[in-house]
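A.B. asks: Handing you a structure now.
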Amino acid sequence: MKKTILHFALILAVSPFLLQCATQNEVQNLQYQLRLMNKKMEDMKSNTVGEIQKRQADSSGQMSQLEQEIMTLKSQLEETRQLNSQLKDKNAELESNFSNYTQQEAAKRDEAMRRMEEEQKAKEAKLAELSEKMKVQQESVQAMQEARVQEADRRAREAKLAAERAKARTQAAGSALTTGGAGVVKIGATQQKKILSSSTLPETTSSTPVQTSTAAATPPPSAPAAQPEVQQHPATESAPPQTAALSPASSPASAAAKTGGGLAEAKNLYDSGKYQQAYTMYEQVVRDNGTGNDAIDARYMMGECLFQQKEFDQAILQYQKIIAQQAKHPKAASAMLRQAMAFEKLSDNETAKIIYQKILSSYGSSPEAAQAQEKLNKM
């Protein structure tokens, strides 16, 4: 556009010179070109102005649109500001709620810890009480055991004294028979004493007459009457089993123990319900075997015999001997289990619980531990 204006100005500037020297045709051509130039100028003016106006109109529309967008952005910013304010309020409320919740949870946690500590203290006190009861019970069992041992010692001393008295009486009777006449024949312990002289001697009573020995002298054919029999004086009824050594034959329990069949025979008696006789034989096995396995099994069965006879306190003592002296023996767990059952029979459930718990702690992998757990679950 600027070039066109410059060309037009240049033509106007040189036109006077061209008019002076140009021909008519040239003037016409120049006029024609001027008209064309004017037309172009008008077209250009109209087009440019219209375009500019159009552009201005478009710009005005864009400005209006921008203003609307600006207003929209302002309104959005206002909404955002309001939302931010609301969020701040909510955040403050949440912080307050969280703080309250934290304080409540802390209070609950402190309360729970306090209750747990109180429960722990109560359990520790209960455990201490149970331990004290266990200690008292053990002392009681020990005292019972010592009393039983003292009683056995006392009976042994009385038996020994009775045996010595019986032996003295027997010796006195023998010396009296020896000095009573020349016709008295001395015989062995297994032979029957018989008077061969005609002198009369008082006949001593005997609870069990003994058969006449073939080694004794026979009376002469001219004896006027049957000869009276004389025996040694028997021991008193209070004499203990130790005096059995004076008799010709040993007791069945001693004989069975010596031949190795004591446990089997005692078991047969136990299975037959003859608990007292079985106890005697088991006791003999204990005396003969000391601390061997047979002695431990026999002592356990002594407790079983007493248990079956409902002598639970005495059975507890027998079981305690195994527990105290042979804690690692397989019978120790069984003895402890039966001891707890005996305490249950005596209505001492607290002690029974303590013993069941001790079985679980000391013999946790044994079958007796499973039985103890079942007992605890039922108590």
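A note on labels: chains of the structure tokens are A, B, ... as shown, every chain counts residues from 1, and ligands are counted from 1 in their shown order.
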Where does range 267-305 of chain A meet range 321-324 of chain A within 12 Å, residue by residue, with the nearest atom pair and distance in Å to one decimal for each, counting only C-alpha atoms, listed by chain and rising number, as JSON lines?
C.D. replies:
{"residue": "A:Val286", "atom": "CA", "partner": "A:Ile322", "partner_atom": "CA", "distance": 11.9}
{"residue": "A:Thr291", "atom": "CA", "partner": "A:Ile322", "partner_atom": "CA", "distance": 9.9}
{"residue": "A:Gly292", "atom": "CA", "partner": "A:Ile322", "partner_atom": "CA", "distance": 11.6}
{"residue": "A:Asn293", "atom": "CA", "partner": "A:Ile322", "partner_atom": "CA", "distance": 11.0}
{"residue": "A:Ala295", "atom": "CA", "partner": "A:Ile322", "partner_atom": "CA", "distance": 10.0}
{"residue": "A:Ile296", "atom": "CA", "partner": "A:Ile322", "partner_atom": "CA", "distance": 6.8}
{"residue": "A:Asp297", "atom": "CA", "partner": "A:Ile322", "partner_atom": "CA", "distance": 9.3}
{"residue": "A:Ala298", "atom": "CA", "partner": "A:Ile322", "partner_atom": "CA", "distance": 10.5}
{"residue": "A:Arg299", "atom": "CA", "partner": "A:Ile322", "partner_atom": "CA", "distance": 7.5}
{"residue": "A:Tyr300", "atom": "CA", "partner": "A:Ile322", "partner_atom": "CA", "distance": 7.4}
{"residue": "A:Met301", "atom": "CA", "partner": "A:Ile322", "partner_atom": "CA", "distance": 11.1}
{"residue": "A:Met302", "atom": "CA", "partner": "A:Ile322", "partner_atom": "CA", "distance": 11.1}
{"residue": "A:Gly303", "atom": "CA", "partner": "A:Lys321", "partner_atom": "CA", "distance": 10.0}
A.B. asks: Would you export the selected residues with C-alpha atoms as an mmCIF file, in the first residue's frame, please?
C.D. replies:
data_model
loop_
_atom_site.group_PDB
_atom_site.id
_atom_site.type_symbol
_atom_site.label_atom_id
_atom_site.label_comp_id
_atom_site.auth_asym_id
_atom_site.auth_seq_id
_atom_site.Cartn_x
_atom_site.Cartn_y
_atom_site.Cartn_z
ATOM 1 C CA VAL A 286 11.231 -102.217 97.719
ATOM 2 C CA THR A 291 16.546 -97.805 94.588
ATOM 3 C CA GLY A 292 16.448 -99.935 91.429
ATOM 4 C CA ASN A 293 13.794 -99.739 88.716
ATOM 5 C CA ALA A 295 11.840 -100.742 93.592
ATOM 6 C CA ILE A 296 10.520 -97.571 91.903
ATOM 7 C CA ASP A 297 7.777 -99.528 90.109
ATOM 8 C CA ALA A 298 6.929 -101.323 93.352
ATOM 9 C CA ARG A 299 6.740 -98.052 95.307
ATOM 10 C CA TYR A 300 4.448 -96.589 92.650
ATOM 11 C CA MET A 301 2.187 -99.628 92.975
ATOM 12 C CA MET A 302 2.271 -99.226 96.764
ATOM 13 C CA GLY A 303 0.747 -95.804 96.180
#
A.B. asks: Name all residues at most 8 Å from range 267-281 of chain A (count only C-alpha atoms; drop same-chain ones fewer than 2 positions away) and give them as a list in words.
C.D. replies: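 Near range 267-281 of chain A, the qualifying residues are Ala253, Ser254, Ala257, Gly262, Leu263, Ala264, Glu265, Glu283, Gln284, Val285, Met301, Met302, Cys305, Leu306, Gln308 and Gln309 of chain A.
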A.B. asks: Grab the CA of Ser131 in chain A to CA of Gln357 in chain A distance for me, in Å with one decimal place.
C.D. replies: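 Interatomic distance here is 11.5 Å.
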A.B. asks: If you measure from CA of Asn38 in chain A to CA of Thr4 in chain A, what distance in Å do you get, rounded to one decimal?
C.D. replies: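 Going from CA of Asn38 in chain A over to CA of Thr4 in chain A covers 10.6 Å.
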A.B. asks: Find the residue from A:Leu12, A:Ala162, A:Ala125, A:Ile5 that sits nearest to Lys45 in chain A; use only C-alpha atoms when measuring.
C.D. replies: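 Going through A:Leu12, A:Ala162, A:Ala125, A:Ile5 one by one, the smallest distance to Lys45 in chain A is for A:Ile5.
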A.B. asks: Applying 10 Å and only C-alpha atoms, which residues near Lys310 in chain A remain after dropping the ones on its own chain fewer than 6 positions away? List them as a list in words.
C.D. replies: Glu304, Ala342, Lys345 and Leu346 of chain A
